[in-house]
file upload-v2.cif (mmCIF, C-alpha atoms and all ligand atoms)
data_start
#
loop_
_atom_site.label_atom_id
_atom_site.label_comp_id
_atom_site.auth_asym_id
_atom_site.auth_seq_id
_atom_site.Cartn_x
_atom_site.Cartn_y
_atom_site.Cartn_z
CA MET A 1 11.40 -31.72 -10.11
CA MET A 2 11.20 -28.34 -11.91
CA GLN A 3 14.31 -26.17 -11.69
CA PHE A 4 14.28 -22.34 -11.85
CA ASP A 5 16.79 -19.58 -11.18
CA VAL A 6 14.21 -17.52 -9.26
CA ALA A 7 10.97 -18.58 -7.58
CA ILE A 8 8.61 -15.74 -6.69
CA VAL A 9 5.79 -16.44 -4.25
CA GLY A 10 2.75 -14.25 -4.99
CA ALA A 11 1.33 -12.89 -8.25
CA GLY A 12 0.33 -9.49 -6.91
CA ALA A 13 1.49 -6.30 -8.61
CA VAL A 14 4.89 -6.40 -6.94
CA GLY A 15 5.56 -10.11 -7.59
CA ASN A 16 4.61 -9.68 -11.24
CA MET A 17 6.77 -6.60 -11.71
CA THR A 18 9.73 -8.36 -10.05
CA ALA A 19 9.22 -11.40 -12.28
CA TYR A 20 9.09 -9.24 -15.40
CA LEU A 21 12.27 -7.31 -14.57
CA LEU A 22 14.28 -10.41 -13.60
CA ALA A 23 13.16 -12.34 -16.69
CA LYS A 24 14.20 -9.37 -18.81
CA LYS A 25 17.68 -9.76 -17.32
CA GLY A 26 17.76 -13.35 -18.54
CA TYR A 27 16.79 -15.32 -15.41
CA LYS A 28 14.48 -18.31 -15.57
CA VAL A 29 11.60 -17.26 -13.31
CA VAL A 30 8.51 -18.98 -11.92
CA VAL A 31 5.66 -17.22 -10.06
CA LEU A 32 3.64 -19.32 -7.61
CA GLU A 33 0.18 -18.04 -6.74
CA ARG A 34 -2.35 -19.66 -4.42
CA LYS A 35 -5.41 -18.14 -6.09
CA GLU A 36 -6.84 -19.38 -9.37
CA SER A 37 -6.77 -15.94 -11.00
CA ILE A 38 -4.57 -12.87 -10.82
CA GLY A 39 -5.74 -9.52 -9.45
CA LYS A 40 -6.14 -8.07 -5.98
CA LYS A 41 -9.70 -7.23 -5.01
CA VAL A 42 -9.37 -5.12 -1.86
CA CYS A 43 -7.46 -1.97 -2.74
CA ALA A 44 -8.53 1.65 -3.22
CA GLY A 45 -6.16 1.79 -6.22
CA LEU A 46 -5.15 5.39 -5.63
CA VAL A 47 -1.66 5.94 -7.02
CA SER A 48 0.68 8.67 -8.18
CA GLY A 49 1.86 9.38 -11.71
CA ARG A 50 5.13 7.66 -10.73
CA VAL A 51 3.34 4.32 -10.38
CA ILE A 52 1.61 4.75 -13.72
CA LYS A 53 4.97 5.53 -15.29
CA MET A 54 6.79 2.61 -13.63
CA ALA A 55 4.12 0.13 -14.64
CA ASP A 56 3.50 1.72 -18.03
CA SER A 57 -0.09 0.82 -17.48
CA GLU A 58 -3.26 1.61 -19.34
CA THR A 59 -5.52 0.78 -16.44
CA VAL A 60 -6.30 4.30 -15.21
CA MET A 61 -10.03 4.72 -14.53
CA ASN A 62 -10.12 8.21 -13.02
CA GLU A 63 -7.95 11.27 -12.42
CA ILE A 64 -8.10 12.83 -8.97
CA LYS A 65 -8.05 16.61 -8.75
CA GLY A 66 -8.07 17.07 -4.98
CA ALA A 67 -9.20 15.87 -1.57
CA LEU A 68 -11.87 16.78 0.94
CA ILE A 69 -10.72 16.10 4.48
CA ASN A 70 -13.45 15.66 7.09
CA PHE A 71 -12.77 16.15 10.81
CA PRO A 72 -14.83 14.84 13.75
CA ASP A 73 -16.20 18.32 14.61
CA GLY A 74 -17.71 18.60 11.13
CA ARG A 75 -14.96 20.80 9.69
CA LYS A 76 -14.29 20.12 6.00
CA VAL A 77 -11.04 21.16 4.40
CA ALA A 78 -10.77 21.03 0.60
CA ILE A 79 -7.35 20.87 -1.04
CA GLY A 80 -6.30 20.88 -4.67
CA GLY A 81 -8.81 21.36 -7.45
CA ASN A 82 -6.59 22.80 -10.14
CA LYS A 83 -4.61 19.84 -11.53
CA THR A 84 -4.36 16.04 -11.45
CA TYR A 85 -2.81 14.91 -8.15
CA ALA A 86 -3.35 11.16 -8.40
CA TYR A 87 -4.89 8.38 -10.49
CA VAL A 88 -7.34 5.60 -9.69
CA ILE A 89 -6.49 2.30 -11.33
CA ASP A 90 -8.42 -0.88 -12.01
CA ARG A 91 -6.38 -2.93 -9.58
CA LYS A 92 -7.34 -6.32 -11.00
CA LYS A 93 -6.41 -5.28 -14.53
CA PHE A 94 -3.23 -3.62 -13.26
CA ASP A 95 -1.97 -6.88 -11.68
CA GLN A 96 -3.00 -8.85 -14.77
CA TYR A 97 -1.29 -6.39 -17.09
CA LEU A 98 2.00 -6.80 -15.19
CA ALA A 99 1.61 -10.60 -15.24
CA GLU A 100 1.11 -10.53 -19.02
CA LYS A 101 4.28 -8.46 -19.39
CA ALA A 102 6.14 -11.04 -17.28
CA MET A 103 4.73 -13.93 -19.33
CA SER A 104 5.83 -12.21 -22.54
CA GLU A 105 9.38 -12.34 -21.14
CA GLY A 106 9.03 -16.09 -20.58
CA VAL A 107 8.02 -16.18 -16.89
CA GLU A 108 6.13 -19.35 -15.96
CA TYR A 109 2.99 -18.95 -13.80
CA LYS A 110 1.62 -21.67 -11.56
CA LEU A 111 -1.83 -20.70 -10.29
CA ARG A 112 -3.68 -22.56 -7.50
CA PHE A 113 -0.24 -23.26 -6.06
CA ARG A 114 -0.22 -22.49 -2.33
CA VAL A 115 3.31 -22.47 -0.96
CA LYS A 116 3.36 -24.50 2.26
CA ASN A 117 6.82 -25.96 2.64
CA ILE A 118 10.16 -24.48 1.76
CA TYR A 119 13.03 -26.79 2.49
CA GLU A 120 16.58 -26.93 1.11
CA ASN A 121 15.84 -24.67 -1.89
CA LYS A 122 12.69 -26.65 -2.71
CA ILE A 123 9.07 -25.49 -2.55
CA ASN A 124 6.35 -28.02 -1.71
CA GLY A 125 8.87 -30.67 -2.77
CA SER A 126 8.32 -29.89 -6.47
CA VAL A 127 9.92 -26.54 -7.43
CA ARG A 128 13.65 -26.04 -7.01
CA PHE A 129 15.15 -22.53 -6.97
CA ARG A 130 18.48 -20.75 -6.58
CA TRP A 131 16.90 -17.53 -5.30
CA LEU A 132 13.58 -17.11 -3.55
CA ILE A 133 11.53 -13.89 -3.54
CA GLY A 134 8.61 -13.51 -1.13
CA ALA A 135 6.04 -11.23 -2.78
CA ASP A 136 3.27 -12.95 -0.88
CA GLY A 137 1.62 -9.99 0.78
CA ALA A 138 0.94 -8.83 4.32
CA ARG A 139 0.90 -12.30 5.91
CA SER A 140 3.95 -13.58 4.07
CA ILE A 141 4.76 -17.25 4.54
CA VAL A 142 8.28 -16.60 3.19
CA ALA A 143 8.88 -13.97 5.89
CA GLU A 144 7.65 -16.43 8.50
CA LYS A 145 9.65 -19.44 7.29
CA PHE A 146 12.88 -17.45 7.10
CA SER A 147 12.30 -15.53 10.37
CA PHE A 148 12.41 -12.06 8.85
CA GLY A 149 10.77 -10.59 11.96
CA LYS A 150 7.29 -9.31 12.69
CA VAL A 151 5.27 -6.32 11.48
CA ASN A 152 2.09 -4.83 12.95
CA TYR A 153 -1.24 -4.74 11.13
CA VAL A 154 -4.17 -2.41 10.71
CA ASN A 155 -7.53 -4.05 9.99
CA ALA A 156 -9.08 -2.74 6.80
CA ILE A 157 -12.42 -3.09 5.04
CA GLN A 158 -13.71 -1.79 1.73
CA GLY A 159 -16.90 -1.89 -0.30
CA GLU A 160 -18.40 -0.24 -3.38
CA GLY A 161 -21.15 2.35 -3.67
CA LYS A 162 -22.56 4.78 -6.19
CA ARG A 163 -23.15 8.53 -6.30
CA GLY A 164 -22.63 11.14 -9.01
CA ASP A 165 -19.39 11.55 -10.95
CA ASP A 166 -16.54 12.77 -8.86
CA ASP A 167 -12.85 13.57 -9.04
CA PHE A 168 -12.19 14.35 -5.38
CA VAL A 169 -11.05 11.80 -2.79
CA GLU A 170 -12.67 12.10 0.63
CA ILE A 171 -10.84 11.36 3.86
CA TYR A 172 -12.60 11.07 7.25
CA PHE A 173 -10.98 11.08 10.67
CA GLY A 174 -12.86 9.90 13.74
CA ASN A 175 -12.35 7.38 16.53
CA GLU A 176 -15.92 6.13 16.40
CA PHE A 177 -15.37 4.39 13.07
CA ALA A 178 -11.61 4.48 12.31
CA PRO A 179 -9.58 4.51 15.53
CA GLY A 180 -5.86 4.88 14.79
CA PHE A 181 -6.40 5.25 11.04
CA PHE A 182 -8.96 6.92 8.74
CA ALA A 183 -11.82 6.24 6.34
CA TRP A 184 -11.82 7.01 2.62
CA ILE A 185 -14.01 7.42 -0.41
CA VAL A 186 -12.18 7.03 -3.70
CA PRO A 187 -14.18 7.61 -6.90
CA ASP A 188 -13.02 5.31 -9.71
CA GLY A 189 -14.97 7.11 -12.44
CA ASN A 190 -17.86 4.69 -12.18
CA LYS A 191 -18.26 3.62 -8.55
CA LEU A 192 -16.97 4.76 -5.18
CA ARG A 193 -14.47 2.67 -3.24
CA ILE A 194 -15.51 3.19 0.37
CA GLY A 195 -13.29 1.87 3.11
CA LEU A 196 -11.60 2.35 6.42
CA GLY A 197 -8.77 1.09 8.58
CA SER A 198 -8.87 0.51 12.32
CA LYS A 199 -6.34 -0.43 14.97
CA GLU A 200 -9.17 -2.25 16.79
CA GLY A 201 -11.33 -5.25 15.89
CA GLY A 202 -15.10 -5.13 15.28
CA ILE A 203 -14.36 -3.62 11.90
CA ARG A 204 -17.68 -4.52 10.27
CA LYS A 205 -19.60 -2.63 12.98
CA LYS A 206 -17.31 0.37 12.55
CA PHE A 207 -17.82 0.22 8.80
CA ASN A 208 -21.61 0.20 9.29
CA THR A 209 -21.31 3.25 11.54
CA PHE A 210 -19.28 5.06 8.89
CA VAL A 211 -21.55 4.08 6.02
CA SER A 212 -24.63 5.22 7.98
CA MET A 213 -23.14 8.74 7.93
CA LEU A 214 -23.00 8.73 4.12
CA ASP A 215 -26.42 7.67 2.98
CA ILE A 216 -24.93 5.46 0.23
CA GLU A 217 -25.74 1.79 -0.31
CA VAL A 218 -22.50 -0.18 -0.12
CA LYS A 219 -21.98 -3.62 -1.68
CA ASN A 220 -19.14 -6.12 -2.23
CA ILE A 221 -17.69 -5.52 1.22
CA ARG A 222 -14.40 -7.29 1.90
CA GLY A 223 -11.86 -7.27 4.70
CA ALA A 224 -8.06 -7.19 4.48
CA VAL A 225 -5.04 -6.16 6.50
CA ILE A 226 -2.44 -3.47 5.96
CA PRO A 227 1.07 -4.16 7.28
CA ILE A 228 2.57 -1.38 9.35
CA GLY A 229 6.33 -1.34 9.89
CA LEU A 230 9.25 -2.50 7.86
CA ARG A 231 11.05 -5.79 8.53
CA LYS A 232 14.46 -6.90 7.32
CA PHE A 233 14.02 -8.07 3.77
CA ALA A 234 17.16 -9.79 2.52
CA LYS A 235 19.04 -12.85 3.75
CA LYS A 236 21.46 -14.98 1.71
CA ASN A 237 19.42 -16.15 -1.29
CA VAL A 238 16.01 -15.01 0.00
CA ALA A 239 14.43 -11.54 -0.27
CA LEU A 240 11.04 -9.98 0.34
CA VAL A 241 9.31 -7.28 -1.75
CA GLY A 242 6.11 -5.29 -1.36
CA ASP A 243 3.66 -5.88 1.49
CA ALA A 244 5.61 -9.01 2.48
CA ALA A 245 8.52 -6.73 3.45
CA GLY A 246 6.24 -4.12 5.04
CA GLN A 247 7.17 -1.68 2.25
CA VAL A 248 4.04 0.37 2.87
CA LYS A 249 3.55 4.02 3.80
CA ALA A 250 2.38 3.73 7.39
CA THR A 251 0.53 7.05 7.12
CA SER A 252 -1.87 6.02 4.33
CA GLY A 253 -1.41 2.25 3.95
CA GLY A 254 -0.46 2.82 0.31
CA GLY A 255 2.02 0.20 -0.84
CA LEU A 256 2.08 0.18 -4.63
CA TYR A 257 4.74 2.83 -5.14
CA ALA A 258 6.92 1.52 -2.28
CA GLY A 259 6.59 -2.07 -3.55
CA LEU A 260 7.16 -1.40 -7.24
CA LEU A 261 10.18 0.71 -6.35
CA ALA A 262 11.50 -2.35 -4.47
CA SER A 263 11.02 -4.52 -7.60
CA LYS A 264 13.08 -2.06 -9.61
CA ILE A 265 15.88 -1.78 -7.03
CA LEU A 266 15.94 -5.56 -6.50
CA ALA A 267 16.28 -6.18 -10.25
CA GLU A 268 19.00 -3.52 -10.59
CA ASN A 269 21.07 -5.13 -7.83
CA PHE A 270 20.28 -8.79 -8.49
CA ASP A 271 21.77 -11.19 -7.40
CA ASP A 272 23.31 -9.23 -4.53
CA LEU A 273 20.30 -9.26 -2.22
CA THR A 274 22.08 -7.49 0.64
CA ARG A 275 22.85 -4.64 -1.72
CA TYR A 276 19.16 -4.55 -2.73
CA GLU A 277 18.22 -3.98 0.90
CA LYS A 278 20.91 -1.34 1.36
CA GLU A 279 20.02 0.57 -1.82
CA TYR A 280 16.30 0.46 -1.08
CA MET A 281 16.85 1.84 2.40
CA LYS A 282 19.07 4.55 0.94
CA GLU A 283 16.41 5.58 -1.55
CA PHE A 284 13.17 5.16 0.38
CA GLY A 285 13.96 3.92 3.90
CA ASN A 286 13.97 7.38 5.46
CA GLU A 287 10.60 8.23 3.96
CA LEU A 288 9.09 4.99 5.32
CA LYS A 289 10.58 5.65 8.75
CA LYS A 290 9.17 9.21 8.83
CA CYS A 291 5.76 7.86 7.83
CA LEU A 292 6.00 5.45 10.76
CA ILE A 293 6.63 8.31 13.19
CA LEU A 294 3.60 10.19 11.82
CA ARG A 295 1.52 7.02 12.07
CA LYS A 296 2.51 6.61 15.73
CA ILE A 297 1.10 10.07 16.43
CA PHE A 298 -2.15 9.30 14.57
CA TYR A 299 -2.35 5.84 16.11
CA HIS A 300 -3.06 7.44 19.48
CA ALA A 301 -4.83 10.60 18.27
CA THR A 302 -8.04 11.56 20.03
CA ASP A 303 -10.87 13.34 18.18
CA LYS A 304 -9.79 16.53 19.95
CA LEU A 305 -6.35 16.21 18.35
CA TYR A 306 -7.85 15.59 14.88
CA ASN A 307 -10.00 18.70 15.31
CA TYR A 308 -6.95 20.70 16.28
CA PHE A 309 -5.11 19.43 13.15
CA GLY A 310 -8.12 20.51 11.08
CA LYS A 311 -7.90 24.04 12.43
CA ILE A 312 -4.18 24.21 11.72
CA ILE A 313 -4.41 22.74 8.22
CA GLU A 314 -7.06 25.30 7.31
CA LYS A 315 -4.59 28.08 8.09
CA ASP A 316 -2.27 27.14 5.21
CA ILE A 317 -4.02 25.16 2.50
CA GLY A 318 -1.54 26.63 -0.01
CA LEU A 319 1.18 24.53 1.63
CA LEU A 320 -0.81 21.31 1.07
CA ASN A 321 -1.51 22.27 -2.52
CA GLU A 322 2.13 23.02 -3.17
CA TYR A 323 3.83 20.11 -1.38
CA GLY A 324 1.12 17.41 -1.19
CA ASP A 325 2.62 14.22 -2.66
CA ILE A 326 1.07 10.83 -1.91
CA ASP A 327 4.41 9.03 -2.29
CA TYR A 328 6.50 11.39 -0.19
CA GLN A 329 4.14 12.42 2.59
CA SER A 330 6.85 13.51 5.01
CA VAL A 331 7.76 16.42 2.71
CA ILE A 332 4.64 18.29 3.73
CA ALA A 333 5.41 17.79 7.44
CA LYS A 334 8.94 19.11 6.87
CA GLN A 335 7.70 22.16 4.95
CA PHE A 336 5.10 22.84 7.63
CA ILE A 337 7.76 22.86 10.36
CA ARG A 338 9.90 25.21 8.25
CA ARG A 339 7.10 27.63 7.52
CA HIS A 340 5.34 27.51 10.90
CA PRO A 341 7.92 26.60 13.58
CA LEU A 342 5.84 28.01 16.44
CA LEU A 343 2.70 26.21 15.29
CA ALA A 344 4.74 23.00 14.94
CA ILE A 345 5.89 23.30 18.56
CA SER A 346 2.33 24.00 19.64
CA MET A 347 1.13 20.93 17.70
CA LEU A 348 3.75 18.77 19.34
CA PHE A 349 2.56 20.05 22.72
CA LYS A 350 -1.09 19.31 21.79
CA CYS A 351 -0.06 15.80 20.70
CA LEU A 352 1.42 15.19 24.13
CA CYS A 353 -1.72 16.61 25.80
CA TYR A 354 -4.36 14.90 23.65
CA ILE A 355 -2.79 11.50 23.13
C1 LIG A 401 -8.27 -1.75 1.84
C2 LIG A 401 -6.95 -1.44 1.18
C3 LIG A 401 -6.82 -0.31 0.38
C4 LIG A 401 -5.59 -0.01 -0.22
N1 LIG A 401 -5.49 1.09 -1.02
C5 LIG A 401 -4.31 1.39 -1.62
C6 LIG A 401 -4.19 2.53 -2.48
O1 LIG A 401 -5.15 3.26 -2.71
N2 LIG A 401 -2.97 2.78 -3.04
C7 LIG A 401 -1.88 1.98 -2.81
O2 LIG A 401 -0.78 2.28 -3.32
N3 LIG A 401 -1.98 0.90 -2.00
C8 LIG A 401 -3.16 0.59 -1.41
N4 LIG A 401 -3.25 -0.52 -0.62
C9 LIG A 401 -2.07 -1.36 -0.42
C10 LIG A 401 -1.82 -2.24 -1.65
O3 LIG A 401 -2.99 -2.92 -1.99
C11 LIG A 401 -0.68 -3.19 -1.34
O4 LIG A 401 0.44 -2.46 -0.90
C12 LIG A 401 -0.31 -4.01 -2.58
O5 LIG A 401 -1.36 -4.86 -2.93
C13 LIG A 401 0.95 -4.82 -2.34
O6 LIG A 401 1.15 -5.66 -3.44
P1 LIG A 401 1.95 -7.02 -3.26
O7 LIG A 401 2.13 -7.56 -4.64
O8 LIG A 401 3.13 -6.80 -2.39
O9 LIG A 401 0.97 -7.95 -2.41
P2 LIG A 401 -0.47 -8.53 -2.77
O10 LIG A 401 -1.16 -7.69 -3.76
O11 LIG A 401 -1.15 -8.76 -1.46
O12 LIG A 401 -0.16 -9.93 -3.46
C14 LIG A 401 0.32 -11.03 -2.72
C15 LIG A 401 -0.06 -12.29 -3.48
O13 LIG A 401 0.56 -13.41 -2.84
C16 LIG A 401 -0.35 -14.48 -2.85
N5 LIG A 401 0.01 -15.42 -1.77
C17 LIG A 401 -0.01 -15.17 -0.43
N6 LIG A 401 0.41 -16.26 0.25
C18 LIG A 401 0.70 -17.22 -0.68
C19 LIG A 401 1.17 -18.57 -0.59
N7 LIG A 401 1.42 -19.15 0.58
N8 LIG A 401 1.37 -19.24 -1.75
C20 LIG A 401 1.12 -18.67 -2.97
N9 LIG A 401 0.66 -17.40 -3.09
C21 LIG A 401 0.45 -16.69 -1.97
C22 LIG A 401 -1.71 -13.82 -2.65
O14 LIG A 401 -2.78 -14.64 -3.07
C23 LIG A 401 -1.55 -12.56 -3.50
O15 LIG A 401 -2.00 -12.75 -4.82
C24 LIG A 401 -4.48 -0.86 0.00
C25 LIG A 401 -4.60 -1.99 0.80
C26 LIG A 401 -5.83 -2.29 1.39
C27 LIG A 401 -5.95 -3.52 2.25
#

call {"tool": "encode", "arguments": {"input": "upload-v2.cif", "output": "structure tokens"}}
result
Amino acid sequence: MMQFDVAIVGAGAVGNMTAYLLAKKGYKVVVLERKESIGKKVCAGLVSGRVIKMADSETVMNEIKGALINFPDGRKVAIGGNKTYAYVIDRKKFDQYLAEKAMSEGVEYKLRFRVKNIYENKINGSVRFRWLIGADGARSIVAEKFSFGKVNYVNAIQGEGKRGDDDFVEIYFGNEFAPGFFAWIVPDGNKLRIGLGSKEGGIRKKFNTFVSMLDIEVKNIRGAVIPIGLRKFAKKNVALVGDAAGQVKATSGGGLYAGLLASKILAENFDDLTRYEKEYMKEFGNELKKCLILRKIFYHATDKLYNYFGKIIEKDIGLLNEYGDIDYQSVIAKQFIRRHPLLAISMLFKCLCYI
């Protein structure tokens, strides 16, 4: 029987970062990963400068200067253009880079190790731990085994295509192909990452509909899920981080900043897991809750409502340029309400009418 202070399930970015930070504090850490190699495949990899700084990573492939938002009525709204707003990373390399950092601190990795049983501080009868961290993604077995509660999911799909060089992200709203969510094109400096999320099934058909609008050949198409909603994430000697905890911005599905922030706060408060949960909620809980409220509105939005949003957004692009922040998306909503209180009331009314 192998004995460790901390067992981490999942060698994604968040599991690796958590392993690295805990090993640096002197804990004996093992990471258990079901796959035979490290590196997530289905991710647009669009992150803020904060993520690059936290991970100290050299995996940036492209710098994003702005976004082109497409509405169902054909309206296109361009924002940004003057500076770098976000970065596109090589997600596989990013995860591997963090794992290498963890290994250099003495973390042990067990690949092709699918966690099935957790019983009396033992995993699969062969790994004994004092503390257990579930960093095992959207469908976390740790969350299930320890009854951390349920989250909702959005179905997602992503493929790769090619066009000219680009440094603008494209966002598309429309219920025909992305009901309850949106579609995206993220240029990584070489290829385009083309994907969408949907609250409904039949995602491949929806993806084909979207791709047919683009006139781009798309390959390497893969499905995934995005967790929506936060569950409790600390109990006695067990905690969750990243997608496993639902630490994802419900507006965009982006989870790297929220998850890596959790690694940092967990390590700072270790081994008081209740304090980890409390401190995380203090620092980022409100933002995640506000994103959930915005998601609820978009979840039910009709094309008419999207078109109305397009018209409104066009009225004050300066606001988006000034306050647009992919990690703190509620800030823009707050500033909008401050600057345009009457429009905000009218939007709320439209939401009630069009939903
Ligand atoms: C289509 C799509 C696009 C996205 N785009 C972005 C984006 O642009 N920007 C952004 O910030 N976020 C994005 N996200 C979200 C982001 O990918 C996740 O938030 C992030 O991967 C979470 O990392 P994690 O380490 O918590 O989980 P994961 O990366 O999912 O890692 C979990 C790991 O646990 C392992 N595992 C699971 N179960 C077991 C088990 N029983 N035993 C052993 N190992 C197990 C898995 O194999 C996996 O390696 C996107 C997500 C999707 C689906």

call {"tool": "atom_distance", "arguments": {"input": "upload-v2.cif", "atom1": "CA of Gly80 (chain A)", "atom2": "atom O3 of ligand LIG 401 (chain A)"}}
result
24.2 Å

call {"tool": "residues_near_ligand", "arguments": {"input": "upload-v2.cif", "ligand": "ligand LIG 401 (chain A)", "cutoff": "6 Å", "atoms": "only C-alpha atoms and all ligand atoms", "output": "ChimeraX atom specification"}}
result
/A:9-15,32-35,40,42-47,113-116,135-137,140-141,156-158,224-226,242-244,248,253-257,259

call {"tool": "closest_residue", "arguments": {"input": "upload-v2.cif", "among": "A:Val6, A:Ile38, A:Met281, A:Ile326", "to": "Tyr87 (chain A)", "atoms": "all atoms listed in the file"}}
result
A:Ile326

call {"tool": "atom_distance", "arguments": {"input": "upload-v2.cif", "atom1": "CA of Glu63 (chain A)", "atom2": "CA of Leu21 (chain A)"}}
result
27.5 Å

call {"tool": "closest_residue", "arguments": {"input": "upload-v2.cif", "among": "A:Leu305, A:Leu22, A:Leu352, A:Leu240", "to": "Asp73 (chain A)", "atoms": "all atoms listed in the file"}}
result
A:Leu305

call {"tool": "closest_residue", "arguments": {"input": "upload-v2.cif", "among": "A:Glu36, A:Asp56, A:Glu287, A:Asp303", "to": "Asp327 (chain A)", "atoms": "only C-alpha atoms"}}
result
A:Glu287

call {"tool": "closest_residue", "arguments": {"input": "upload-v2.cif", "among": "A:Tyr20, A:Tyr328, A:Tyr119, A:Phe173", "to": "Ile69 (chain A)", "atoms": "all atoms listed in the file"}}
result
A:Phe173

call {"tool": "closest_residue", "arguments": {"input": "upload-v2.cif", "among": "A:Arg295, A:Lys199, A:Lys191, A:Lys150", "to": "Asp165 (chain A)", "atoms": "all atoms listed in the file"}}
result
A:Lys191

call {"tool": "residues_around", "arguments": {"input": "upload-v2.cif", "residues": "Trp131 (chain A)", "least_positions_apart": "4", "cutoff": "10 Å", "atoms": "all atoms listed in the file", "output": "list in words"}}
result
Phe4, Asp5, Val6, Ala7, Ile8, Val29, Asn121, Lys236, Asn237, Val238, Ala239, Phe270, Asp271 and Leu273 of chain A

call {"tool": "closest_residue", "arguments": {"input": "upload-v2.cif", "among": "A:Lys311, A:Arg139, A:Lys93, A:Lys122", "to": "Ala245 (chain A)", "atoms": "all atoms listed in the file"}}
result
A:Arg139

call {"tool": "residues_around", "arguments": {"input": "upload-v2.cif", "residues": "His340 (chain A)", "least_positions_apart": "4", "cutoff": "12 Å", "atoms": "all atoms listed in the file", "output": "count of residues only"}}
result
14

call {"tool": "atom_distance", "arguments": {"input": "upload-v2.cif", "atom1": "CA of Phe298 (chain A)", "atom2": "CA of Ser212 (chain A)"}}
result
23.8 Å

call {"tool": "residues_near_point", "arguments": {"input": "upload-v2.cif", "point": "(-8.8, 1.5, 20.2)", "cutoff": "10 Å", "atoms": "all atoms listed in the file", "output": "number ranges by chain"}}
result
A: 175-176, 178-180, 198-201, 299-300

call {"tool": "residues_around", "arguments": {"input": "upload-v2.cif", "residues": "Asn82 (chain A)", "least_positions_apart": "6", "cutoff": "12 Å", "atoms": "all atoms listed in the file", "output": "list in words"}}
result
Glu63, Ile64, Lys65, Gly66, Ala67, Asp167, Phe168, Gly318, Asn321 and Glu322 of chain A

call {"tool": "residues_around", "arguments": {"input": "upload-v2.cif", "residues": "Gly74 (chain A)", "least_positions_apart": "4", "cutoff": "10 Å", "atoms": "all atoms listed in the file", "output": "ChimeraX atom specification"}}
result
/A:69-70,172,307,310

call {"tool": "axis_aligned_box", "arguments": {"input": "upload-v2.cif", "around": "region 22-25 of chain A", "padding_each_side": "4 Å", "output": "JSON"}}
result
{"center_x": 15.4, "center_y": -10.9, "center_z": -16.2, "size_x": 12.5, "size_y": 11.0, "size_z": 13.2}
